[in-house]
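Asks: What follows is the file query.pdb, containing PDB, C-alpha atoms, pLDDT in the B column:
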```
ATOM      1  CA  MET A   1     -57.653-217.390-116.483  1.00 38.00           C
ATOM      2  CA  SER A   2     -61.155-216.060-117.044  1.00 42.00           C
ATOM      3  CA  ALA A   3     -61.791-212.330-117.336  1.00 46.00           C
ATOM      4  CA  THR A   4     -63.734-212.310-114.069  1.00 45.00           C
ATOM      5  CA  ALA A   5     -60.943-214.130-112.245  1.00 46.00           C
ATOM      6  CA  SER A   6     -58.419-211.595-113.535  1.00 46.00           C
ATOM      7  CA  ILE A   7     -60.293-208.781-111.739  1.00 49.00           C
ATOM      8  CA  GLY A   8     -60.544-210.626-108.462  1.00 52.00           C
ATOM      9  CA  VAL A   9     -63.936-212.314-108.804  1.00 51.00           C
ATOM     10  CA  VAL A  10     -63.966-216.047-109.153  1.00 44.00           C
ATOM     11  CA  PRO A  11     -67.360-217.543-109.986  1.00 47.00           C
ATOM     12  CA  THR A  12     -68.357-220.276-107.597  1.00 44.00           C
ATOM     13  CA  ALA A  13     -70.370-223.323-108.505  1.00 42.00           C
ATOM     14  CA  ALA A  14     -74.045-222.772-107.856  1.00 44.00           C
ATOM     15  CA  PRO A  15     -75.933-225.307-105.769  1.00 43.00           C
ATOM     16  CA  LYS A  16     -77.897-227.746-107.926  1.00 43.00           C
ATOM     17  CA  SER A  17     -81.197-226.191-106.829  1.00 42.00           C
ATOM     18  CA  ALA A  18     -79.984-222.747-107.988  1.00 47.00           C
ATOM     19  CA  VAL A  19     -79.316-223.865-111.551  1.00 47.00           C
ATOM     20  CA  THR A  20     -82.788-225.289-112.004  1.00 53.00           C
ATOM     21  CA  LEU A  21     -84.791-223.156-114.410  1.00 61.00           C
ATOM     22  CA  ALA A  22     -87.663-221.220-112.908  1.00 64.00           C
ATOM     23  CA  HIS A  23     -91.138-222.573-113.469  1.00 74.00           C
ATOM     24  CA  PRO A  24     -92.671-220.829-116.535  1.00 76.00           C
ATOM     25  CA  MET A  25     -95.519-219.409-114.438  1.00 85.00           C
ATOM     26  CA  ILE A  26     -93.029-217.825-112.012  1.00 85.00           C
ATOM     27  CA  SER A  27     -90.972-216.407-114.885  1.00 83.00           C
ATOM     28  CA  ASP A  28     -94.065-214.905-116.538  1.00 84.00           C
ATOM     29  CA  ALA A  29     -95.332-213.442-113.253  1.00 86.00           C
ATOM     30  CA  PHE A  30     -91.920-211.970-112.454  1.00 81.00           C
ATOM     31  CA  ARG A  31     -91.664-210.455-115.962  1.00 80.00           C
ATOM     32  CA  SER A  32     -95.102-208.840-115.489  1.00 83.00           C
ATOM     33  CA  ILE A  33     -94.062-207.367-112.158  1.00 83.00           C
ATOM     34  CA  MET A  34     -90.751-206.015-113.478  1.00 79.00           C
ATOM     35  CA  ARG A  35     -92.504-204.392-116.471  1.00 80.00           C
ATOM     36  CA  ARG A  36     -94.433-202.297-113.963  1.00 78.00           C
ATOM     37  CA  PHE A  37     -91.389-201.481-111.878  1.00 79.00           C
ATOM     38  CA  PRO A  38     -90.459-197.897-112.902  1.00 86.00           C
ATOM     39  CA  ALA A  39     -86.770-197.463-113.642  1.00 92.00           C
ATOM     40  CA  THR A  40     -84.514-194.561-114.545  1.00 95.00           C
ATOM     41  CA  VAL A  41     -83.196-194.747-118.113  1.00 97.00           C
ATOM     42  CA  THR A  42     -79.419-194.523-118.497  1.00 98.00           C
ATOM     43  CA  VAL A  43     -76.799-194.942-121.163  1.00 98.00           C
ATOM     44  CA  ILE A  44     -73.717-196.747-119.918  1.00 98.00           C
ATOM     45  CA  SER A  45     -70.587-195.838-121.872  1.00 98.00           C
ATOM     46  CA  ALA A  46     -67.040-197.138-121.982  1.00 98.00           C
ATOM     47  CA  CYS A  47     -63.931-196.927-124.134  1.00 97.00           C
ATOM     48  CA  ARG A  48     -61.512-199.753-124.878  1.00 94.00           C
ATOM     49  CA  ASN A  49     -58.442-199.421-127.107  1.00 92.00           C
ATOM     50  CA  GLY A  50     -59.793-196.168-128.531  1.00 92.00           C
ATOM     51  CA  ALA A  51     -63.200-197.666-129.408  1.00 94.00           C
ATOM     52  CA  ASP A  52     -66.287-196.139-127.779  1.00 97.00           C
ATOM     53  CA  HIS A  53     -69.404-198.135-127.029  1.00 97.00           C
ATOM     54  CA  GLY A  54     -72.569-197.605-125.050  1.00 97.00           C
ATOM     55  CA  MET A  55     -75.987-199.066-124.461  1.00 97.00           C
ATOM     56  CA  THR A  56     -79.261-198.149-122.803  1.00 98.00           C
ATOM     57  CA  ALA A  57     -79.808-199.753-119.401  1.00 97.00           C
ATOM     58  CA  THR A  58     -82.253-199.520-116.519  1.00 96.00           C
ATOM     59  CA  ALA A  59     -80.582-202.015-114.156  1.00 96.00           C
ATOM     60  CA  VAL A  60     -78.615-199.364-112.248  1.00 97.00           C
ATOM     61  CA  THR A  61     -78.802-198.584-108.538  1.00 96.00           C
ATOM     62  CA  SER A  62     -76.774-197.086-105.713  1.00 97.00           C
ATOM     63  CA  LEU A  63     -74.831-199.526-103.555  1.00 97.00           C
ATOM     64  CA  SER A  64     -73.009-197.610-100.836  1.00 97.00           C
ATOM     65  CA  MET A  65     -72.147-194.115 -99.650  1.00 97.00           C
ATOM     66  CA  GLU A  66     -68.918-195.307 -97.985  1.00 97.00           C
ATOM     67  CA  PRO A  67     -67.336-195.514-100.467  1.00 98.00           C
ATOM     68  CA  PRO A  68     -69.735-193.910-102.950  1.00 98.00           C
ATOM     69  CA  SER A  69     -70.576-196.723-105.359  1.00 98.00           C
ATOM     70  CA  LEU A  70     -73.237-198.108-107.617  1.00 98.00           C
ATOM     71  CA  VAL A  71     -74.212-201.357-109.298  1.00 98.00           C
ATOM     72  CA  ILE A  72     -75.046-201.980-112.942  1.00 98.00           C
ATOM     73  CA  CYS A  73     -76.239-205.283-114.377  1.00 97.00           C
ATOM     74  CA  LEU A  74     -75.409-206.251-117.965  1.00 97.00           C
ATOM     75  CA  ASN A  75     -76.318-209.269-120.040  1.00 97.00           C
ATOM     76  CA  ASN A  76     -73.190-211.344-120.532  1.00 96.00           C
ATOM     77  CA  ARG A  77     -73.802-211.595-124.298  1.00 96.00           C
ATOM     78  CA  THR A  78     -73.323-207.866-124.926  1.00 96.00           C
ATOM     79  CA  TYR A  79     -70.221-206.165-126.260  1.00 96.00           C
ATOM     80  CA  LEU A  80     -70.369-203.611-123.429  1.00 97.00           C
ATOM     81  CA  HIS A  81     -70.238-206.468-120.912  1.00 97.00           C
ATOM     82  CA  ASP A  82     -66.942-207.638-122.414  1.00 96.00           C
ATOM     83  CA  MET A  83     -65.604-204.070-122.447  1.00 96.00           C
ATOM     84  CA  LEU A  84     -66.362-203.628-118.746  1.00 97.00           C
ATOM     85  CA  LEU A  85     -64.638-206.895-117.873  1.00 96.00           C
ATOM     86  CA  GLU A  86     -61.471-205.663-119.588  1.00 94.00           C
ATOM     87  CA  GLY A  87     -61.612-201.903-119.016  1.00 91.00           C
ATOM     88  CA  PRO A  88     -61.243-200.306-115.596  1.00 94.00           C
ATOM     89  CA  GLU A  89     -63.796-197.467-115.894  1.00 97.00           C
ATOM     90  CA  PHE A  90     -67.249-196.644-117.250  1.00 98.00           C
ATOM     91  CA  ALA A  91     -69.845-193.867-117.120  1.00 98.00           C
ATOM     92  CA  VAL A  92     -73.542-193.960-116.284  1.00 98.00           C
ATOM     93  CA  ASN A  93     -75.438-191.159-118.036  1.00 98.00           C
ATOM     94  CA  VAL A  94     -78.945-190.553-116.628  1.00 98.00           C
ATOM     95  CA  LEU A  95     -81.123-189.356-119.508  1.00 97.00           C
ATOM     96  CA  THR A  96     -83.578-186.453-119.301  1.00 97.00           C
ATOM     97  CA  ASP A  97     -87.261-186.692-120.156  1.00 95.00           C
ATOM     98  CA  ARG A  98     -86.375-185.041-123.497  1.00 96.00           C
ATOM     99  CA  GLN A  99     -83.833-187.702-124.540  1.00 97.00           C
ATOM    100  CA  VAL A 100     -86.046-190.578-125.659  1.00 97.00           C
ATOM    101  CA  ALA A 101     -84.269-190.553-129.044  1.00 96.00           C
ATOM    102  CA  VAL A 102     -80.921-191.049-127.269  1.00 97.00           C
ATOM    103  CA  SER A 103     -82.348-194.022-125.363  1.00 97.00           C
ATOM    104  CA  GLU A 104     -83.741-195.573-128.527  1.00 97.00           C
ATOM    105  CA  GLY A 105     -80.504-194.966-130.425  1.00 96.00           C
ATOM    106  CA  PHE A 106     -78.438-196.743-127.794  1.00 97.00           C
ATOM    107  CA  SER A 107     -81.028-199.547-127.658  1.00 96.00           C
ATOM    108  CA  GLY A 108     -80.184-200.539-131.215  1.00 93.00           C
ATOM    109  CA  LYS A 109     -81.943-198.090-133.532  1.00 95.00           C
ATOM    110  CA  VAL A 110     -78.590-196.451-134.343  1.00 95.00           C
ATOM    111  CA  ALA A 111     -75.502-198.376-135.427  1.00 94.00           C
ATOM    112  CA  PRO A 112     -72.913-198.609-132.623  1.00 92.00           C
ATOM    113  CA  GLU A 113     -70.290-196.672-134.586  1.00 91.00           C
ATOM    114  CA  LEU A 114     -72.699-193.704-135.027  1.00 95.00           C
ATOM    115  CA  ARG A 115     -74.144-193.460-131.500  1.00 96.00           C
ATOM    116  CA  PHE A 116     -71.692-190.824-130.242  1.00 97.00           C
ATOM    117  CA  ASP A 117     -71.866-188.580-133.346  1.00 95.00           C
ATOM    118  CA  SER A 118     -73.915-185.872-131.578  1.00 93.00           C
ATOM    119  CA  SER A 119     -71.968-182.904-130.251  1.00 94.00           C
ATOM    120  CA  GLU A 120     -73.723-183.484-126.906  1.00 96.00           C
ATOM    121  CA  TRP A 121     -71.237-186.309-126.254  1.00 98.00           C
ATOM    122  CA  VAL A 122     -67.855-185.185-124.920  1.00 97.00           C
ATOM    123  CA  ARG A 123     -64.792-187.167-123.966  1.00 97.00           C
ATOM    124  CA  HIS A 124     -64.278-187.332-120.218  1.00 97.00           C
ATOM    125  CA  GLY A 125     -60.745-187.007-118.871  1.00 96.00           C
ATOM    126  CA  ARG A 126     -60.892-190.726-117.995  1.00 95.00           C
ATOM    127  CA  GLY A 127     -61.409-191.646-121.664  1.00 95.00           C
ATOM    128  CA  MET A 128     -65.068-192.588-122.061  1.00 97.00           C
ATOM    129  CA  MET A 129     -67.778-190.485-123.658  1.00 98.00           C
ATOM    130  CA  VAL A 130     -70.146-188.589-121.334  1.00 98.00           C
ATOM    131  CA  LEU A 131     -73.443-186.992-122.346  1.00 98.00           C
ATOM    132  CA  GLU A 132     -73.009-183.305-121.578  1.00 97.00           C
ATOM    133  CA  THR A 133     -76.785-182.683-121.594  1.00 97.00           C
ATOM    134  CA  ALA A 134     -77.671-185.645-119.338  1.00 98.00           C
ATOM    135  CA  HIS A 135     -79.700-185.210-116.159  1.00 97.00           C
ATOM    136  CA  ALA A 136     -76.690-186.661-114.350  1.00 98.00           C
ATOM    137  CA  SER A 137     -73.440-188.434-115.168  1.00 98.00           C
ATOM    138  CA  VAL A 138     -71.508-190.714-112.862  1.00 98.00           C
ATOM    139  CA  VAL A 139     -68.021-191.926-113.777  1.00 98.00           C
ATOM    140  CA  CYS A 140     -66.950-195.101-112.001  1.00 98.00           C
ATOM    141  CA  ARG A 141     -63.933-197.338-111.526  1.00 98.00           C
ATOM    142  CA  ARG A 142     -64.912-200.987-111.762  1.00 98.00           C
ATOM    143  CA  MET A 143     -64.239-202.619-108.387  1.00 98.00           C
ATOM    144  CA  GLY A 144     -65.846-206.000-108.958  1.00 97.00           C
ATOM    145  CA  ALA A 145     -67.854-208.170-111.296  1.00 97.00           C
ATOM    146  CA  VAL A 146     -70.116-210.926-110.050  1.00 97.00           C
ATOM    147  CA  PRO A 147     -71.623-213.300-112.624  1.00 97.00           C
ATOM    148  CA  TYR A 148     -75.176-214.479-111.971  1.00 95.00           C
ATOM    149  CA  GLY A 149     -77.414-216.270-114.447  1.00 94.00           C
ATOM    150  CA  THR A 150     -77.406-214.494-117.805  1.00 95.00           C
ATOM    151  CA  HIS A 151     -75.960-211.275-116.346  1.00 97.00           C
ATOM    152  CA  THR A 152     -72.977-209.848-114.515  1.00 98.00           C
ATOM    153  CA  ILE A 153     -73.322-207.430-111.616  1.00 98.00           C
ATOM    154  CA  PHE A 154     -70.649-204.737-111.965  1.00 98.00           C
ATOM    155  CA  ILE A 155     -69.698-202.692-108.905  1.00 98.00           C
ATOM    156  CA  GLY A 156     -68.415-199.212-109.682  1.00 98.00           C
ATOM    157  CA  GLN A 157     -66.774-196.841-107.218  1.00 98.00           C
ATOM    158  CA  VAL A 158     -67.699-193.251-108.054  1.00 98.00           C
ATOM    159  CA  ILE A 159     -64.775-191.077-109.142  1.00 98.00           C
ATOM    160  CA  ASP A 160     -66.621-188.148-110.760  1.00 98.00           C
ATOM    161  CA  THR A 161     -70.193-186.805-110.969  1.00 98.00           C
ATOM    162  CA  ARG A 162     -72.233-184.113-112.664  1.00 97.00           C
ATOM    163  CA  LEU A 163     -75.888-183.187-112.012  1.00 97.00           C
ATOM    164  CA  SER A 164     -78.284-180.809-113.768  1.00 95.00           C
ATOM    165  CA  GLU A 165     -80.753-179.241-111.350  1.00 92.00           C
ATOM    166  CA  ALA A 166     -82.820-177.953-114.302  1.00 92.00           C
ATOM    167  CA  THR A 167     -83.798-181.293-115.862  1.00 94.00           C
ATOM    168  CA  VAL A 168     -86.110-184.208-115.104  1.00 93.00           C
ATOM    169  CA  PRO A 169     -84.921-187.822-115.431  1.00 95.00           C
ATOM    170  CA  LEU A 170     -86.394-190.143-118.051  1.00 96.00           C
ATOM    171  CA  MET A 171     -88.191-193.194-116.657  1.00 95.00           C
ATOM    172  CA  TYR A 172     -89.387-196.432-118.225  1.00 94.00           C
ATOM    173  CA  GLU A 173     -92.404-198.439-117.064  1.00 90.00           C
ATOM    174  CA  ASN A 174     -94.584-201.070-118.750  1.00 88.00           C
ATOM    175  CA  ALA A 175     -92.835-200.660-122.130  1.00 87.00           C
ATOM    176  CA  SER A 176     -93.374-196.886-122.133  1.00 89.00           C
ATOM    177  CA  TYR A 177     -91.241-193.850-121.419  1.00 92.00           C
ATOM    178  CA  CYS A 178     -92.450-191.543-118.669  1.00 90.00           C
ATOM    179  CA  ALA A 179     -91.163-188.912-116.240  1.00 83.00           C
ATOM    180  CA  PRO A 180     -91.550-188.708-112.463  1.00 82.00           C
ATOM    181  CA  ARG A 181     -94.351-186.601-111.067  1.00 72.00           C
ATOM    182  CA  HIS A 182     -92.668-183.949-108.942  1.00 62.00           C
ATOM    183  CA  ALA A 183     -95.898-182.168-108.062  1.00 43.00           C
ATOM    184  CA  LEU A 184     -97.540-184.872-105.989  1.00 45.00           C
ATOM    185  CA  SER A 185     -99.788-183.489-103.277  1.00 43.00           C
ATOM    186  CA  THR A 186     -98.161-183.686 -99.843  1.00 46.00           C
ATOM    187  CA  SER A 187    -101.512-183.764 -98.077  1.00 41.00           C
ATOM    188  CA  GLN A 188    -104.159-186.418 -98.469  1.00 43.00           C
ATOM    189  CA  SER A 189    -107.823-185.514 -97.909  1.00 42.00           C
TER
END
```
Kindly present the structure from the file in structure tokens form.
Replies:
Amino acid sequence: MSATASIGVVPTAAPKSAVTLAHPMISDAFRSIMRRFPATVTVISACRNGADHGMTATAVTSLSMEPPSLVICLNNRTYLHDMLLEGPEFAVNVLTDRQVAVSEGFSGKVAPELRFDSSEWVRHGRGMMVLETAHASVVCRRMGAVPYGTHTIFIGQVIDTRLSEATVPLMYENASYCAPRHALSTSQS
């Protein structure tokens, strides 16, 4: 039995037209658009058999308020992907505009076994590491996993949250870190 089948999601065969590779011009145009699509920078963390792992991700969004849930998308060739298929829970840590080094570290600039060495990481009661100084942290129970293309869409039901009202989230757009502009003028002349 596959890991996705064991958690209640059985991949279905895609129609022949769906497995056809996208035309290179469409792929390039889509990549250009997505580079300019601002996204919040997060570190997704999990623990399996006492081993902690995490990685930087921007493919995170809310799904539902009833029940409170979110979606994360992970490449199926990553270690964290395998951990989430086997483990029941994970955390999404929204980084602040002052945590670029954390983002870069979890993007591969720091060895996986050293990524949680900072005292800012604390063990949540559910087992995974949570960034105490994050803009926000959301702990989820995995409720589903849907494979699609090179990625899997993980659905997480929210079981715990924490938010800092005093910080600004870190954003990523066009290969650069940025922060949202909170002081936009409300009136246009």
Asks: For atom CA of A:Thr161 and atom CA of A:Arg35, determine how far apart the two atoms are, in Å to one decimal place.
Replies: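 Between atom CA of A:Thr161 and atom CA of A:Arg35 the gap is 28.9 Å.
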Asks: Using all atoms listed in the file, can you tell me which of A:Ala46, A:Asp52, A:Glu104, A:Glu86 comes closest to A:Tyr172?
Replies: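 The answer is A:Glu104, which sits nearest to A:Tyr172.
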Asks: For a test of reading the model, state the distance in Å between atom CA of A:Pro180 and atom CA of A:Glu66, rounded to one decimal.
Replies: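 That distance, rounded to one decimal, is 27.7 Å.
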Asks: For stretch 7-87 of chain A against stretch 147-158 of chain A, with a cut-off of 6 Å and counting only C-alpha atoms, what is the closest atom pair and its distance in Å to one decimal for every residue that makes the cut, ordered by chain and number, as a Markdown table?
Replies:
```
| residue | atom | partner | partner_atom | distance |
| --- | --- | --- | --- | --- |
| A:Pro68 | CA | A:Val158 | CA | 5.5 |
| A:Ser69 | CA | A:Gln157 | CA | 4.2 |
| A:Leu70 | CA | A:Gly156 | CA | 5.4 |
| A:Val71 | CA | A:Ile155 | CA | 4.7 |
| A:Ile72 | CA | A:Phe154 | CA | 5.3 |
| A:Cys73 | CA | A:Ile153 | CA | 4.6 |
| A:Leu74 | CA | A:His151 | CA | 5.3 |
| A:Asn75 | CA | A:His151 | CA | 4.2 |
| A:Asn76 | CA | A:His151 | CA | 5.0 |
```
Asks: Kindly export the residues of the current selection with C-alpha atoms, as a compact mmCIF listing (two decimals), in the coordinates of the input.
Replies:
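Output saved as selection_30.txt:
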```
# COMPACT_ATOMS: atom_id res chain seq x y z
CA PRO A 68 -69.74 -193.91 -102.95
CA SER A 69 -70.58 -196.72 -105.36
CA LEU A 70 -73.24 -198.11 -107.62
CA VAL A 71 -74.21 -201.36 -109.30
CA ILE A 72 -75.05 -201.98 -112.94
CA CYS A 73 -76.24 -205.28 -114.38
CA LEU A 74 -75.41 -206.25 -117.96
CA ASN A 75 -76.32 -209.27 -120.04
CA ASN A 76 -73.19 -211.34 -120.53
```
Asks: (-77.1, -194.5, -135.6) in this file's frame - what residues fall within 12 Å of it? Use all atoms listed in the file and give the answer as a short mmCIF file (atom, residue, chain, number, x, y, z; two decimals) with C-alpha atoms, keeping the file's coordinate frame.
Replies:
```
data_model
loop_
_atom_site.label_atom_id
_atom_site.label_comp_id
_atom_site.auth_asym_id
_atom_site.auth_seq_id
_atom_site.Cartn_x
_atom_site.Cartn_y
_atom_site.Cartn_z
CA GLY A 54 -72.57 -197.60 -125.05
CA ALA A 101 -84.27 -190.55 -129.04
CA VAL A 102 -80.92 -191.05 -127.27
CA SER A 103 -82.35 -194.02 -125.36
CA GLU A 104 -83.74 -195.57 -128.53
CA GLY A 105 -80.50 -194.97 -130.43
CA PHE A 106 -78.44 -196.74 -127.79
CA SER A 107 -81.03 -199.55 -127.66
CA GLY A 108 -80.18 -200.54 -131.22
CA LYS A 109 -81.94 -198.09 -133.53
CA VAL A 110 -78.59 -196.45 -134.34
CA ALA A 111 -75.50 -198.38 -135.43
CA PRO A 112 -72.91 -198.61 -132.62
CA GLU A 113 -70.29 -196.67 -134.59
CA LEU A 114 -72.70 -193.70 -135.03
CA ARG A 115 -74.14 -193.46 -131.50
CA PHE A 116 -71.69 -190.82 -130.24
CA ASP A 117 -71.87 -188.58 -133.35
CA SER A 118 -73.92 -185.87 -131.58
#
```
Asks: Convert the output of the PyMOL selection byres ((chain A and resi 41) around 10) on the shown file into explicit residues, formatted as a PyMOL selection string.
Replies: chain A and resi 38-40+42-44+56-60+92-97+99-100+103+169-173+177-178
Asks: Would you put the residues from that selection into a file with C-alpha atoms, as a PDB file, keeping the file's coordinate frame?
Replies:
```
ATOM      1  CA  PRO A  38     -90.459-197.897-112.902  1.00 86.00           C
ATOM      2  CA  ALA A  39     -86.770-197.463-113.642  1.00 92.00           C
ATOM      3  CA  THR A  40     -84.514-194.561-114.545  1.00 95.00           C
ATOM      4  CA  THR A  42     -79.419-194.523-118.497  1.00 98.00           C
ATOM      5  CA  VAL A  43     -76.799-194.942-121.163  1.00 98.00           C
ATOM      6  CA  ILE A  44     -73.717-196.747-119.918  1.00 98.00           C
ATOM      7  CA  THR A  56     -79.261-198.149-122.803  1.00 98.00           C
ATOM      8  CA  ALA A  57     -79.808-199.753-119.401  1.00 97.00           C
ATOM      9  CA  THR A  58     -82.253-199.520-116.519  1.00 96.00           C
ATOM     10  CA  ALA A  59     -80.582-202.015-114.156  1.00 96.00           C
ATOM     11  CA  VAL A  60     -78.615-199.364-112.248  1.00 97.00           C
ATOM     12  CA  VAL A  92     -73.542-193.960-116.284  1.00 98.00           C
ATOM     13  CA  ASN A  93     -75.438-191.159-118.036  1.00 98.00           C
ATOM     14  CA  VAL A  94     -78.945-190.553-116.628  1.00 98.00           C
ATOM     15  CA  LEU A  95     -81.123-189.356-119.508  1.00 97.00           C
ATOM     16  CA  THR A  96     -83.578-186.453-119.301  1.00 97.00           C
ATOM     17  CA  ASP A  97     -87.261-186.692-120.156  1.00 95.00           C
ATOM     18  CA  GLN A  99     -83.833-187.702-124.540  1.00 97.00           C
ATOM     19  CA  VAL A 100     -86.046-190.578-125.659  1.00 97.00           C
ATOM     20  CA  SER A 103     -82.348-194.022-125.363  1.00 97.00           C
ATOM     21  CA  PRO A 169     -84.921-187.822-115.431  1.00 95.00           C
ATOM     22  CA  LEU A 170     -86.394-190.143-118.051  1.00 96.00           C
ATOM     23  CA  MET A 171     -88.191-193.194-116.657  1.00 95.00           C
ATOM     24  CA  TYR A 172     -89.387-196.432-118.225  1.00 94.00           C
ATOM     25  CA  GLU A 173     -92.404-198.439-117.064  1.00 90.00           C
ATOM     26  CA  TYR A 177     -91.241-193.850-121.419  1.00 92.00           C
ATOM     27  CA  CYS A 178     -92.450-191.543-118.669  1.00 90.00           C
TER      28      CYS A 178
END
```
Asks: Counting only C-alpha atoms, which of A:Leu63, A:Cys47, A:Ala179, A:Ala166 gets nearest to A:Val130?
Replies: A:Cys47
Asks: So the first atom is atom CA of A:Ser164 and the second is atom CA of A:Ala136; what is the distance between them in Å, to one decimal place?
Replies: 6.1 Å
Asks: So which one's closest to A:Ser45, A:His124, A:Arg77, A:His23, A:Arg31? Using only C-alpha atoms, please.
Replies: A:His124
Asks: Take the PyMOL selection byres ((chain A and resi 89) around 8), apply it to the structure above, and return the hits as a list in words.
Replies: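 Checked against the file, the PyMOL selection byres ((chain A and resi 89) around 8) matches Ala46, Leu84, Gly87, Pro88, Phe90, Ala91, Arg126, Met128, Val139, Cys140, Arg141, Arg142 and Gly156 of chain A.
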Asks: Could you write those residues out with C-alpha atoms, as a PDB file, keeping the file's coordinate frame?
Replies:
```
ATOM      1  CA  ALA A  46     -67.040-197.138-121.982  1.00 98.00           C
ATOM      2  CA  LEU A  84     -66.362-203.628-118.746  1.00 97.00           C
ATOM      3  CA  GLY A  87     -61.612-201.903-119.016  1.00 91.00           C
ATOM      4  CA  PRO A  88     -61.243-200.306-115.596  1.00 94.00           C
ATOM      5  CA  PHE A  90     -67.249-196.644-117.250  1.00 98.00           C
ATOM      6  CA  ALA A  91     -69.845-193.867-117.120  1.00 98.00           C
ATOM      7  CA  ARG A 126     -60.892-190.726-117.995  1.00 95.00           C
ATOM      8  CA  MET A 128     -65.068-192.588-122.061  1.00 97.00           C
ATOM      9  CA  VAL A 139     -68.021-191.926-113.777  1.00 98.00           C
ATOM     10  CA  CYS A 140     -66.950-195.101-112.001  1.00 98.00           C
ATOM     11  CA  ARG A 141     -63.933-197.338-111.526  1.00 98.00           C
ATOM     12  CA  ARG A 142     -64.912-200.987-111.762  1.00 98.00           C
ATOM     13  CA  GLY A 156     -68.415-199.212-109.682  1.00 98.00           C
TER      14      GLY A 156
END
```
Asks: Can you work out which one of A:Met83, A:Glu165, A:Val146, A:Trp121 has the shortest atom-to-atom distance to A:Gly50, counting all atoms listed in the file?
Replies: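 Smallest separation from A:Gly50 among the options: A:Met83.
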